file final_38.cif (mmCIF, C-alpha atoms; chains and numbers go by the auth columns)
data_data
#
loop_
_atom_site.group_PDB
_atom_site.id
_atom_site.type_symbol
_atom_site.label_atom_id
_atom_site.label_comp_id
_atom_site.label_asym_id
_atom_site.label_seq_id
_atom_site.Cartn_x
_atom_site.Cartn_y
_atom_site.Cartn_z
_atom_site.B_iso_or_equiv
_atom_site.auth_seq_id
_atom_site.auth_asym_id
ATOM 1 C CA MET A 1 8.025 5.461 9.845 0.00 23 R
ATOM 2 C CA ASP A 2 9.635 2.085 10.386 0.00 24 R
ATOM 3 C CA THR A 3 6.939 -0.497 9.718 0.00 25 R
ATOM 4 C CA SER A 4 9.223 -3.532 9.809 0.00 26 R
ATOM 5 C CA ASN A 5 8.057 -4.721 13.235 0.00 27 R
ATOM 6 C CA ILE A 6 4.328 -4.388 12.641 0.00 28 R
ATOM 7 C CA LYS A 7 2.536 -7.615 11.770 0.00 29 R
ATOM 8 C CA ILE A 8 -0.229 -7.132 9.239 0.00 30 R
ATOM 9 C CA SER A 9 -1.536 -10.688 8.729 0.00 31 R
ATOM 10 C CA GLN A 10 -4.748 -9.892 10.600 0.00 32 R
ATOM 11 C CA PHE A 11 -5.547 -7.378 7.852 0.00 33 R
ATOM 12 C CA LEU A 12 -4.931 -9.779 4.944 0.00 34 R
ATOM 13 C CA ASP A 13 -6.946 -12.656 3.524 0.00 35 R
ATOM 14 C CA LYS A 14 -5.439 -16.070 2.744 0.00 36 R
ATOM 15 C CA ASP A 15 -4.330 -14.800 -0.691 0.00 37 R
ATOM 16 C CA GLY A 16 -2.460 -11.813 0.751 0.00 38 R
ATOM 17 C CA ARG A 17 -5.101 -9.263 -0.239 0.00 39 R
ATOM 18 C CA ILE A 18 -5.999 -6.486 2.173 0.00 40 R
ATOM 19 C CA SER A 19 -9.273 -7.442 3.831 0.00 41 R
ATOM 20 C CA LYS A 20 -9.645 -4.401 6.074 0.00 42 R
ATOM 21 C CA LEU A 21 -7.853 -1.125 6.575 0.00 43 R
ATOM 22 C CA PRO A 22 -6.640 -0.641 10.149 0.00 44 R
ATOM 23 C CA ILE A 23 -7.776 2.350 12.164 0.00 45 R
ATOM 24 C CA LYS A 24 -4.516 2.661 14.121 0.00 46 R
ATOM 25 C CA HIS A 25 -2.129 4.865 12.136 0.00 47 R
ATOM 26 C CA SER A 26 0.968 2.674 12.550 0.00 48 R
ATOM 27 C CA ALA A 27 -0.856 -0.460 11.391 0.00 49 R
ATOM 28 C CA ARG A 28 -2.510 1.435 8.538 0.00 50 R
ATOM 29 C CA THR A 29 0.893 2.713 7.433 0.00 51 R
ATOM 30 C CA ALA A 30 2.266 -0.838 7.523 0.00 52 R
ATOM 31 C CA VAL A 31 -0.606 -2.094 5.350 0.00 53 R
ATOM 32 C CA LEU A 32 -0.105 0.794 2.915 0.00 54 R
ATOM 33 C CA SER A 33 3.609 0.019 2.846 0.00 55 R
ATOM 34 C CA TYR A 34 2.739 -3.565 1.904 0.00 56 R
ATOM 35 C CA LEU A 35 0.495 -2.304 -0.893 0.00 57 R
ATOM 36 C CA ALA A 36 3.136 0.163 -2.108 0.00 58 R
ATOM 37 C CA GLN A 37 5.443 -2.792 -2.752 0.00 59 R
ATOM 38 C CA LYS A 38 3.050 -3.879 -5.512 0.00 60 R
ATOM 39 C CA PHE A 39 4.098 -0.834 -7.560 0.00 61 R
ATOM 40 C CA ASP A 40 7.300 -0.853 -9.572 0.00 62 R
ATOM 41 C CA THR A 41 9.886 1.808 -8.954 0.00 63 R
ATOM 42 C CA ASP A 42 10.762 4.086 -11.853 0.00 64 R
ATOM 43 C CA LYS A 43 7.444 3.443 -13.572 0.00 65 R
ATOM 44 C CA LEU A 44 4.717 5.969 -14.275 0.00 66 R
ATOM 45 C CA TYR A 45 1.108 4.895 -13.775 0.00 67 R
ATOM 46 C CA THR A 46 -2.171 6.329 -14.938 0.00 68 R
ATOM 47 C CA GLU A 47 -4.925 6.727 -12.364 0.00 69 R
ATOM 48 C CA LYS A 48 -6.688 3.761 -13.954 0.00 70 R
ATOM 49 C CA GLU A 49 -3.575 1.578 -13.539 0.00 71 R
ATOM 50 C CA VAL A 50 -3.245 2.615 -9.877 0.00 72 R
ATOM 51 C CA ASN A 51 -6.918 1.799 -9.344 0.00 73 R
ATOM 52 C CA THR A 52 -6.465 -1.613 -10.988 0.00 74 R
ATOM 53 C CA ILE A 53 -3.489 -2.517 -8.795 0.00 75 R
ATOM 54 C CA CYS A 54 -5.252 -1.324 -5.644 0.00 76 R
ATOM 55 C CA ASP A 55 -8.419 -3.144 -6.644 0.00 77 R
ATOM 56 C CA SER A 56 -6.598 -6.419 -7.219 0.00 78 R
ATOM 57 C CA TRP A 57 -4.874 -6.277 -3.806 0.00 79 R
ATOM 58 C CA HIS A 58 -7.886 -5.737 -1.538 0.00 80 R
ATOM 59 C CA THR A 59 -11.300 -7.273 -0.862 0.00 81 R
ATOM 60 C CA PHE A 60 -13.462 -4.432 0.472 0.00 82 R
ATOM 61 C CA HIS A 61 -14.136 -2.732 -2.889 0.00 83 R
ATOM 62 C CA ASP A 62 -12.845 0.751 -2.093 0.00 84 R
ATOM 63 C CA TYR A 63 -9.729 1.324 -4.174 0.00 85 R
ATOM 64 C CA PHE A 64 -10.382 5.092 -3.935 0.00 86 R
ATOM 65 C CA ILE A 65 -9.496 5.178 -0.240 0.00 87 R
ATOM 66 C CA LEU A 66 -6.394 3.056 -0.827 0.00 88 R
ATOM 67 C CA ARG A 67 -5.193 5.322 -3.638 0.00 89 R
ATOM 68 C CA ARG A 68 -5.861 8.430 -1.569 0.00 90 R
ATOM 69 C CA ASN A 69 -4.081 6.988 1.474 0.00 91 R
ATOM 70 C CA LEU A 70 -1.064 5.906 -0.594 0.00 92 R
ATOM 71 C CA VAL A 71 -0.743 9.497 -1.821 0.00 93 R
ATOM 72 C CA GLU A 72 -1.433 11.098 1.574 0.00 94 R
ATOM 73 C CA GLU A 73 1.217 8.922 3.236 0.00 95 R
ATOM 74 C CA LYS A 74 3.585 9.673 0.336 0.00 96 R
ATOM 75 C CA PHE A 75 4.055 6.062 -0.748 0.00 97 R
ATOM 76 C CA LEU A 76 2.818 7.221 -4.148 0.00 98 R
ATOM 77 C CA MET A 77 3.414 10.628 -5.664 0.00 99 R
ATOM 78 C CA ARG A 78 1.264 12.219 -8.341 0.00 100 R
ATOM 79 C CA LYS A 79 1.085 15.178 -10.642 0.00 101 R
ATOM 80 C CA ILE A 80 -1.150 17.930 -9.345 0.00 102 R
ATOM 81 C CA ASP A 81 -3.786 17.171 -11.992 0.00 103 R
ATOM 82 C CA GLY A 82 -3.812 13.456 -11.071 0.00 104 R
ATOM 83 C CA SER A 83 -2.775 12.404 -14.568 0.00 105 R
ATOM 84 C CA CYS A 84 0.321 10.488 -13.490 0.00 106 R
ATOM 85 C CA TYR A 85 1.398 8.527 -10.404 0.00 107 R
ATOM 86 C CA TRP A 86 4.680 6.912 -9.364 0.00 108 R
ATOM 87 C CA ARG A 87 6.123 5.116 -6.350 0.00 109 R
ATOM 88 C CA ASN A 88 8.058 7.464 -4.112 0.00 110 R
ATOM 89 C CA ASN A 89 11.746 6.614 -4.521 0.00 111 R
ATOM 90 C CA ASP A 90 12.630 8.679 -1.441 0.00 112 R
ATOM 91 C CA ILE A 91 11.158 5.912 0.717 0.00 113 R
ATOM 92 C CA GLN A 92 13.832 3.283 1.174 0.00 114 R
ATOM 93 C CA SER A 93 12.919 -0.331 0.432 0.00 115 R
ATOM 94 C CA SER A 94 13.701 -1.190 4.071 0.00 116 R
ATOM 95 C CA ASP A 95 10.960 1.250 5.080 0.00 117 R
ATOM 96 C CA LEU A 96 8.547 -0.772 2.949 0.00 118 R
ATOM 97 C CA ASP A 97 9.371 -4.103 4.581 0.00 119 R
ATOM 98 C CA VAL A 98 6.542 -5.358 6.749 0.00 120 R
ATOM 99 C CA LYS A 99 6.034 -8.613 8.570 0.00 121 R
ATOM 100 C CA VAL A 100 3.315 -10.836 7.217 0.00 122 R
ATOM 101 C CA LYS A 101 2.989 -13.647 9.707 0.00 123 R
ATOM 102 C CA ASN A 102 0.277 -16.263 9.748 0.00 124 R
ATOM 103 C CA ASN A 103 -0.396 -18.644 12.624 0.00 125 R
ATOM 104 C CA GLY A 104 2.990 -18.318 14.268 0.00 126 R
ATOM 105 C CA GLN A 105 5.089 -18.713 11.113 0.00 127 R
#
call {"tool": "encode", "arguments": {"input": "final_38.cif", "output": "structure tokens"}}
result
Amino acid sequence: MDTSNIKISQFLDKDGRISKLPIKHSARTAVLSYLAQKFDTDKLYTEKEVNTICDSWHTFHDYFILRRNLVEEKFLMRKIDGSCYWRNNDIQSSDLDVKVKNNGQ
């Protein structure tokens, strides 16, 4: 899904952290795309490391739902036993670009 034209600023706080997860699928995907950019490509992560990154990039204290949504939307891949996660390299970087606009900028 092309998320490049979806503005997500209404879902971020002043520090760029996710303050709420949108209900609308296209906006939710755009926010997850934004979060996926916080993960390096070609790096393997433990579940704890994924949780830490998710936790540091949101304010509503539910990194579980973010991790689950990143996997469900295939922004992150994982081993079946959950022991290892990685950013999906099949998603092009242009697919991860989202607009973060604040006050008409």
call {"tool": "atom_distance", "arguments": {"input": "final_38.cif", "atom1": "CA of His83 (chain R)", "atom2": "CA of Leu66 (chain R)"}}
result
23.7 Å
call {"tool": "atom_distance", "arguments": {"input": "final_38.cif", "atom1": "CA of Arg39 (chain R)", "atom2": "CA of Thr51 (chain R)"}}
result
15.4 Å
call {"tool": "resolve_selection", "arguments": {"input": "final_38.cif", "expression": "the PyMOL selection byres ((chain R and resi 92) around 10)", "output": "NGL selection string"}}
result
:R and (51 or 53-55 or 57-58 or 76 or 86-91 or 93-99 or 109-110)
call {"tool": "resolve_selection", "arguments": {"input": "final_38.cif", "expression": "the PyMOL selection byres ((chain R and resi 69-73) around 8)", "output": "PyMOL selection string"}}
result
chain R and resi 67-68+74-77+85-86+89+104-107
call {"tool": "atom_distance", "arguments": {"input": "final_38.cif", "atom1": "CA of Pro44 (chain R)", "atom2": "CA of Ile102 (chain R)"}}
result
27.5 Å
call {"tool": "closest_residue", "arguments": {"input": "final_38.cif", "among": "R:Asp112, R:Ile28, R:Thr63, R:Thr81", "to": "Lys42 (chain R)", "atoms": "all atoms listed in the file"}}
result
R:Thr81
call {"tool": "closest_residue", "arguments": {"input": "final_38.cif", "among": "R:Ser48, R:Tyr56, R:Asp103, R:Ile113", "to": "Ser31 (chain R)", "atoms": "all atoms listed in the file"}}
result
R:Tyr56
call {"tool": "residues_around", "arguments": {"input": "final_38.cif", "residues": "Phe33 (chain R)", "least_positions_apart": "3", "cutoff": "10 Å", "atoms": "all atoms listed in the file", "output": "list of chain:residue names"}}
result
R:Lys29, R:Ile30, R:Gly38, R:Arg39, R:Ile40, R:Ser41, R:Lys42, R:Leu43, R:Pro44, R:Ala49, R:Arg50, R:Val53, R:His80, R:Val122
call {"tool": "axis_aligned_box", "arguments": {"input": "final_38.cif", "around": "region 60-63 of chain R", "padding_each_side": "3 Å", "output": "JSON"}}
result
{"center_x": 6.5, "center_y": -1.0, "center_z": -7.5, "size_x": 12.8, "size_y": 11.7, "size_z": 10.1}
call {"tool": "decode", "arguments": {"input": "final_38.cif", "residues": "region 83-102 of chain R", "atoms": "N, CA and C atoms", "output": "PDB file, in the first residue's frame"}}
result
ATOM      1  N   HIS R  83       1.770   3.269  25.834  1.00  0.00           N
ATOM      2  CA  HIS R  83       2.197   2.142  26.664  1.00  0.00           C
ATOM      3  C   HIS R  83       1.593   0.792  26.251  1.00  0.00           C
ATOM      4  N   ASP R  84       1.620   0.526  24.944  1.00  0.00           N
ATOM      5  CA  ASP R  84       1.146  -0.768  24.461  1.00  0.00           C
ATOM      6  C   ASP R  84       2.016  -1.216  23.288  1.00  0.00           C
ATOM      7  N   TYR R  85       3.293  -1.487  23.595  1.00  0.00           N
ATOM      8  CA  TYR R  85       4.201  -1.909  22.530  1.00  0.00           C
ATOM      9  C   TYR R  85       3.808  -3.262  21.954  1.00  0.00           C
ATOM     10  N   PHE R  86       3.029  -4.061  22.705  1.00  0.00           N
ATOM     11  CA  PHE R  86       2.586  -5.369  22.211  1.00  0.00           C
ATOM     12  C   PHE R  86       1.761  -5.215  20.941  1.00  0.00           C
ATOM     13  N   ILE R  87       0.809  -4.276  20.965  1.00  0.00           N
ATOM     14  CA  ILE R  87      -0.060  -4.095  19.799  1.00  0.00           C
ATOM     15  C   ILE R  87       0.738  -3.559  18.609  1.00  0.00           C
ATOM     16  N   LEU R  88       1.714  -2.700  18.875  1.00  0.00           N
ATOM     17  CA  LEU R  88       2.543  -2.187  17.786  1.00  0.00           C
ATOM     18  C   LEU R  88       3.368  -3.314  17.167  1.00  0.00           C
ATOM     19  N   ARG R  89       3.987  -4.130  17.996  1.00  0.00           N
ATOM     20  CA  ARG R  89       4.781  -5.251  17.496  1.00  0.00           C
ATOM     21  C   ARG R  89       3.905  -6.204  16.686  1.00  0.00           C
ATOM     22  N   ARG R  90       2.749  -6.530  17.215  1.00  0.00           N
ATOM     23  CA  ARG R  90       1.842  -7.444  16.526  1.00  0.00           C
ATOM     24  C   ARG R  90       1.394  -6.863  15.182  1.00  0.00           C
ATOM     25  N   ASN R  91       1.049  -5.573  15.179  1.00  0.00           N
ATOM     26  CA  ASN R  91       0.613  -4.936  13.936  1.00  0.00           C
ATOM     27  C   ASN R  91       1.737  -4.840  12.911  1.00  0.00           C
ATOM     28  N   LEU R  92       2.956  -4.567  13.349  1.00  0.00           N
ATOM     29  CA  LEU R  92       4.093  -4.531  12.429  1.00  0.00           C
ATOM     30  C   LEU R  92       4.284  -5.891  11.751  1.00  0.00           C
ATOM     31  N   VAL R  93       4.080  -6.960  12.498  1.00  0.00           N
ATOM     32  CA  VAL R  93       4.212  -8.306  11.939  1.00  0.00           C
ATOM     33  C   VAL R  93       3.012  -8.625  11.046  1.00  0.00           C
ATOM     34  N   GLU R  94       1.808  -8.324  11.508  1.00  0.00           N
ATOM     35  CA  GLU R  94       0.608  -8.621  10.721  1.00  0.00           C
ATOM     36  C   GLU R  94       0.609  -7.894   9.382  1.00  0.00           C
ATOM     37  N   GLU R  95       1.103  -6.662   9.373  1.00  0.00           N
ATOM     38  CA  GLU R  95       1.153  -5.882   8.129  1.00  0.00           C
ATOM     39  C   GLU R  95       2.427  -6.140   7.333  1.00  0.00           C
ATOM     40  N   LYS R  96       3.250  -7.053   7.837  1.00  0.00           N
ATOM     41  CA  LYS R  96       4.471  -7.513   7.173  1.00  0.00           C
ATOM     42  C   LYS R  96       5.562  -6.444   7.043  1.00  0.00           C
ATOM     43  N   PHE R  97       5.530  -5.446   7.912  1.00  0.00           N
ATOM     44  CA  PHE R  97       6.649  -4.508   7.988  1.00  0.00           C
ATOM     45  C   PHE R  97       7.828  -5.178   8.687  1.00  0.00           C
ATOM     46  N   LEU R  98       7.510  -6.022   9.659  1.00  0.00           N
ATOM     47  CA  LEU R  98       8.517  -6.854  10.318  1.00  0.00           C
ATOM     48  C   LEU R  98       8.177  -8.311  10.050  1.00  0.00           C
ATOM     49  N   MET R  99       9.212  -9.105   9.892  1.00  0.00           N
ATOM     50  CA  MET R  99       9.061 -10.548   9.752  1.00  0.00           C
ATOM     51  C   MET R  99       9.620 -11.172  11.030  1.00  0.00           C
ATOM     52  N   ARG R 100       9.220 -12.407  11.300  1.00  0.00           N
ATOM     53  CA  ARG R 100       9.766 -13.081  12.474  1.00  0.00           C
ATOM     54  C   ARG R 100       9.807 -14.582  12.252  1.00  0.00           C
ATOM     55  N   LYS R 101      10.692 -15.212  13.016  1.00  0.00           N
ATOM     56  CA  LYS R 101      10.714 -16.671  13.023  1.00  0.00           C
ATOM     57  C   LYS R 101       9.423 -17.152  13.671  1.00  0.00           C
ATOM     58  N   ILE R 102       9.023 -18.333  13.330  1.00  0.00           N
ATOM     59  CA  ILE R 102       7.759 -18.875  13.836  1.00  0.00           C
ATOM     60  C   ILE R 102       7.710 -18.937  15.353  1.00  0.00           C
TER      61      ILE R 102
END
